[in-house]
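Reviewing the structure listed below.
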Amino acid sequence: MSWRDVKYSIPLEAKPTVLQMTVGIHGPNDVRRYRFELWCIHLYCYEGELYIDGQYFPIRPGYAGIMPPGVTSETHFHDLSRHTFAHFTLPPAPEGSGVPILAMQDLGDDFAAINQSFEEALSYFSTQPRRTEVRLWDILWQLAERTPAAPSQSPGIHPAVQKAIQSIEVRLADPLRVADLAREVELSHNHLTRLFRASLGKTVTGYIQERRVQRARHLLLHSTLSIKAIAAEVGINDLHLFNKTIRRVLGESPRRVRENRPHS
């Protein structure tokens with residue numbers, strides 16, 4: 001198997017616990033062998049060679065590497081070599097619930113931003129470890145999202161769909177037209193609709209309505225805003241249409257949703 005195809009399954013439903021996060025400096029002309037019962041992540045700024053359980057991986061500036069617990073690694077350093085790294089654990093997760101992540105990948109133009117985020121996380125480690133862990137968690141998700149899905153796996157959420165969702169979330173109170181969202185992500189109306197169906201099993205309009213109802217329900221249950229204000233807050237300014245939508249989706253009127261909320 002080519003080194004480019006080696007992936008590990010990493011459980012990311014809960015944040016990591018970081019045991020060490022620092023800068024490593026090795027070389028020149030050095031070889032280091034390790035075996036850790038921890039997850040390891042490295043961001044590389046030099047050239048070298050890495051072997052994980054005998055599998056060869058090139059190390060190049062701008063690469064990121066991940067190793068799971070229990071593997072044996074051997075790193076060959078040519079010159080004086082600097083990298084940032086972290087050792088961490090992850091909570092146990094049900095079998096099959098992990099996401100694939102490449103053992104080694106070239107971050108390209110994204111390396112500078114990810115490395116800066118990593119160094120910021122490192123700076124919090126001794127005084128704000130939870131902040132470090134949240135930042136590393138996000139970095140791990142970014143690396144996992146860069147990993148191509150196997151042909152037999154679900155393709156996940158298409159990048160254009162994710163970009164449209166981000167726009168919807170920040171503009172839910174505004175008028176939203178599928179044609180405008182499609183133009184933002186540089187796709188046709190029909191193509192974006194097809195991608196939404198493939199990624200989420202619903203249309204763009206269906207997703208917008210679902211998110212509006214979810215937000216409206218939250219405000220009905222947890223705020224004292226008037227029903228008219230809530231309708232405007234979720235982008236349905238027609239109060240009659242708002243009442244009709246809530247009744248159809250939630251099975252009762254906005255007033256009844258509010259009246260039936262649990263009281264502490």
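By convention in this document, the chains of the structure tokens carry letters A, B, ... by their order, each chain's residues are numbered from 1, and ligands are numbered from 1 in the order they are shown.
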
If we count only C-alpha atoms and set the cut-off at 12 Å, which residues sit around Val31 (chain A), ignoring sequence neighbours fewer than 3 positions away in its own chain? Please answer as a VMD selection string.
chain A and resid 26 to 28 34 48 to 51 73 to 81

Go ahead and save the picked residues with N, CA and C atoms, as a compact mmCIF listing (two decimals), in the first residue's frame.
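Written out: part.txt:
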# COMPACT_ATOMS: atom_id res chain seq x y z
N HIS A 26 15.31 17.86 16.76
CA HIS A 26 16.16 16.69 16.67
C HIS A 26 17.19 16.89 15.54
N GLY A 27 18.14 15.97 15.50
CA GLY A 27 19.15 16.01 14.45
C GLY A 27 20.34 16.87 14.84
N PRO A 28 21.25 17.05 13.89
CA PRO A 28 21.24 16.44 12.55
C PRO A 28 21.73 14.99 12.58
N TYR A 34 10.37 5.12 18.68
CA TYR A 34 9.42 5.28 19.77
C TYR A 34 8.28 4.26 19.65
N GLY A 48 12.66 14.49 5.99
CA GLY A 48 13.17 13.30 6.66
C GLY A 48 12.39 12.09 6.21
N GLU A 49 12.53 10.99 6.94
CA GLU A 49 11.77 9.77 6.66
C GLU A 49 11.17 9.25 7.96
N LEU A 50 9.97 8.71 7.84
CA LEU A 50 9.28 8.12 8.98
C LEU A 50 8.84 6.71 8.60
N TYR A 51 9.01 5.79 9.52
CA TYR A 51 8.50 4.43 9.34
C TYR A 51 7.56 4.12 10.50
N SER A 73 7.33 3.62 15.81
CA SER A 73 7.77 4.59 14.81
C SER A 73 9.29 4.73 14.83
N GLU A 74 9.84 5.02 13.65
CA GLU A 74 11.27 5.28 13.52
C GLU A 74 11.43 6.49 12.60
N THR A 75 12.02 7.55 13.11
CA THR A 75 12.16 8.79 12.35
C THR A 75 13.63 9.06 12.06
N HIS A 76 13.92 9.37 10.79
CA HIS A 76 15.29 9.68 10.37
C HIS A 76 15.38 11.18 10.10
N PHE A 77 16.23 11.85 10.85
CA PHE A 77 16.42 13.30 10.72
C PHE A 77 17.72 13.57 9.95
N HIS A 78 17.66 14.41 8.93
CA HIS A 78 18.85 14.73 8.14
C HIS A 78 19.59 15.91 8.75
N ASP A 79 18.88 17.02 8.89
CA ASP A 79 19.46 18.25 9.43
C ASP A 79 18.81 18.54 10.77
N LEU A 80 19.18 19.67 11.36
CA LEU A 80 18.51 20.10 12.59
C LEU A 80 17.03 20.30 12.27
N SER A 81 16.17 19.59 12.95
CA SER A 81 14.76 19.48 12.55
C SER A 81 13.84 19.92 13.68

From a backbone DSSP assignment, name each residue in region 11-234 of chain A labelled strand (DSSP E), as a PDB file with C-alpha atoms, in the first residue's frame.
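Generated output (states-v2.pdb):
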ATOM      1  CA  THR A  17      -7.196  14.900  26.551  1.00  0.00           C
ATOM      2  CA  VAL A  18      -3.779  16.416  25.828  1.00  0.00           C
ATOM      3  CA  LEU A  19      -0.909  14.960  27.872  1.00  0.00           C
ATOM      4  CA  GLN A  20       1.920  16.766  26.104  1.00  0.00           C
ATOM      5  CA  MET A  21       2.091  19.550  23.535  1.00  0.00           C
ATOM      6  CA  THR A  22       5.388  21.170  22.699  1.00  0.00           C
ATOM      7  CA  VAL A  23       8.142  21.760  20.126  1.00  0.00           C
ATOM      8  CA  GLY A  24      10.566  18.964  19.272  1.00  0.00           C
ATOM      9  CA  ILE A  25      14.057  19.607  17.911  1.00  0.00           C
ATOM     10  CA  HIS A  26      16.163  16.687  16.665  1.00  0.00           C
ATOM     11  CA  ASP A  30      19.779  11.304  14.034  1.00  0.00           C
ATOM     12  CA  VAL A  31      17.389   8.360  14.246  1.00  0.00           C
ATOM     13  CA  ARG A  32      14.675   8.152  16.921  1.00  0.00           C
ATOM     14  CA  ARG A  33      12.581   5.077  17.675  1.00  0.00           C
ATOM     15  CA  TYR A  34       9.416   5.280  19.774  1.00  0.00           C
ATOM     16  CA  ARG A  35       6.403   3.282  20.807  1.00  0.00           C
ATOM     17  CA  TRP A  39      -2.314   9.253  19.828  1.00  0.00           C
ATOM     18  CA  CYS A  40       0.364  11.515  18.313  1.00  0.00           C
ATOM     19  CA  ILE A  41       0.132  14.409  15.869  1.00  0.00           C
ATOM     20  CA  HIS A  42       3.096  16.168  14.272  1.00  0.00           C
ATOM     21  CA  LEU A  43       3.312  19.255  12.047  1.00  0.00           C
ATOM     22  CA  TYR A  44       6.571  19.119  10.105  1.00  0.00           C
ATOM     23  CA  GLY A  48      13.169  13.301   6.662  1.00  0.00           C
ATOM     24  CA  GLU A  49      11.775   9.771   6.665  1.00  0.00           C
ATOM     25  CA  LEU A  50       9.281   8.122   8.979  1.00  0.00           C
ATOM     26  CA  TYR A  51       8.501   4.428   9.341  1.00  0.00           C
ATOM     27  CA  ILE A  52       5.349   3.346  11.191  1.00  0.00           C
ATOM     28  CA  GLN A  55       5.569   1.424   6.479  1.00  0.00           C
ATOM     29  CA  TYR A  56       7.555   4.240   4.836  1.00  0.00           C
ATOM     30  CA  PHE A  57       6.308   7.855   4.926  1.00  0.00           C
ATOM     31  CA  PRO A  58       8.202  10.879   3.589  1.00  0.00           C
ATOM     32  CA  ILE A  59       8.447  13.910   5.853  1.00  0.00           C
ATOM     33  CA  TYR A  63       3.110  17.887   6.092  1.00  0.00           C
ATOM     34  CA  ALA A  64       0.983  16.710   9.031  1.00  0.00           C
ATOM     35  CA  GLY A  65       1.288  13.209  10.480  1.00  0.00           C
ATOM     36  CA  ILE A  66      -0.988  11.191  12.785  1.00  0.00           C
ATOM     37  CA  MET A  67      -0.094   8.004  14.662  1.00  0.00           C
ATOM     38  CA  THR A  72       6.244   1.600  16.571  1.00  0.00           C
ATOM     39  CA  SER A  73       7.773   4.589  14.807  1.00  0.00           C
ATOM     40  CA  GLU A  74      11.270   5.280  13.517  1.00  0.00           C
ATOM     41  CA  THR A  75      12.162   8.795  12.347  1.00  0.00           C
ATOM     42  CA  HIS A  76      15.290   9.680  10.366  1.00  0.00           C
ATOM     43  CA  PHE A  77      16.419  13.304  10.718  1.00  0.00           C
ATOM     44  CA  SER A  81      14.763  19.483  12.550  1.00  0.00           C
ATOM     45  CA  ARG A  82      11.953  21.351  14.312  1.00  0.00           C
ATOM     46  CA  HIS A  83       8.332  20.259  14.635  1.00  0.00           C
ATOM     47  CA  THR A  84       5.346  20.890  16.859  1.00  0.00           C
ATOM     48  CA  PHE A  85       3.620  17.838  18.254  1.00  0.00           C
ATOM     49  CA  ALA A  86       1.046  16.636  20.750  1.00  0.00           C
ATOM     50  CA  HIS A  87       0.414  13.380  22.588  1.00  0.00           C
ATOM     51  CA  PHE A  88      -3.227  12.839  23.513  1.00  0.00           C
ATOM     52  CA  THR A  89      -5.886  10.299  24.377  1.00  0.00           C
ATOM     53  CA  VAL A  99     -13.712   8.920  11.089  1.00  0.00           C
ATOM     54  CA  PRO A 100     -10.828   8.132   8.705  1.00  0.00           C
ATOM     55  CA  ILE A 101      -7.762  10.327   8.867  1.00  0.00           C
ATOM     56  CA  LEU A 102      -4.652  10.106   6.689  1.00  0.00           C
ATOM     57  CA  MET A 104       0.480  11.625   6.487  1.00  0.00           C
ATOM     58  CA  GLN A 105      -0.829  14.453   4.358  1.00  0.00           C
ATOM     59  CA  ASP A 106       0.450  17.551   2.610  1.00  0.00           C
TER      60      ASP A 106
END

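One finds CA of Pro61 (chain A) at 19.5 Å from CA of Ala144 (chain A).
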
Which neighbours of Lys228 (chain A) fall inside 12 Å, counting only C-alpha atoms, when residues of the same chain fewer than 4 positions from it are skipped, and could you give them as a tab-separated table (two decimals) with C-alpha atoms, in the first residue's frame?
chain	number	residue	atom	x	y	z
A	216	ALA	CA	-38.30	28.87	16.69
A	219	LEU	CA	-37.00	30.39	21.43
A	220	LEU	CA	-40.57	29.36	22.31
A	224	THR	CA	-39.89	35.34	26.70
A	232	ALA	CA	-39.33	37.60	12.63
A	233	GLU	CA	-36.23	36.18	14.37
A	234	VAL	CA	-36.39	33.04	12.23
A	235	GLY	CA	-37.18	34.79	8.96
A	236	ILE	CA	-40.94	34.13	8.71
A	237	ASN	CA	-42.44	37.59	8.96
A	238	ASP	CA	-45.94	36.47	7.99
A	239	LEU	CA	-47.44	35.48	11.37
A	240	HIS	CA	-50.16	33.36	9.75
A	241	LEU	CA	-47.55	31.43	7.77
A	242	PHE	CA	-45.41	31.05	10.90
A	243	ASN	CA	-48.32	29.59	12.89
A	254	PRO	CA	-46.63	28.11	18.74
A	255	ARG	CA	-48.72	29.10	21.75

When you look at Leu195 (chain A) with a cut-off of 10 Å (counting only C-alpha atoms), what residues show up, excluding the ones that are within fewer than 2 positions of it in the same chain? I need them as an MDAnalysis selection string.
chainID A and resid 157:161 190:193 197:204

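Remark: for Leu90 (chain A), the closest of the candidate residues A:Ser9, A:Ser226, A:Asn115, A:Asn260 is A:Ser9 (distances computed over only C-alpha atoms).
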
Among region 28-208 of chain A, which residues carry a DSSP assignment of helix (DSSP H, G or I), reported as a PyMOL selection string?
chain A and resi 108-124+129-145+159-170+178-184+189-200+204-208
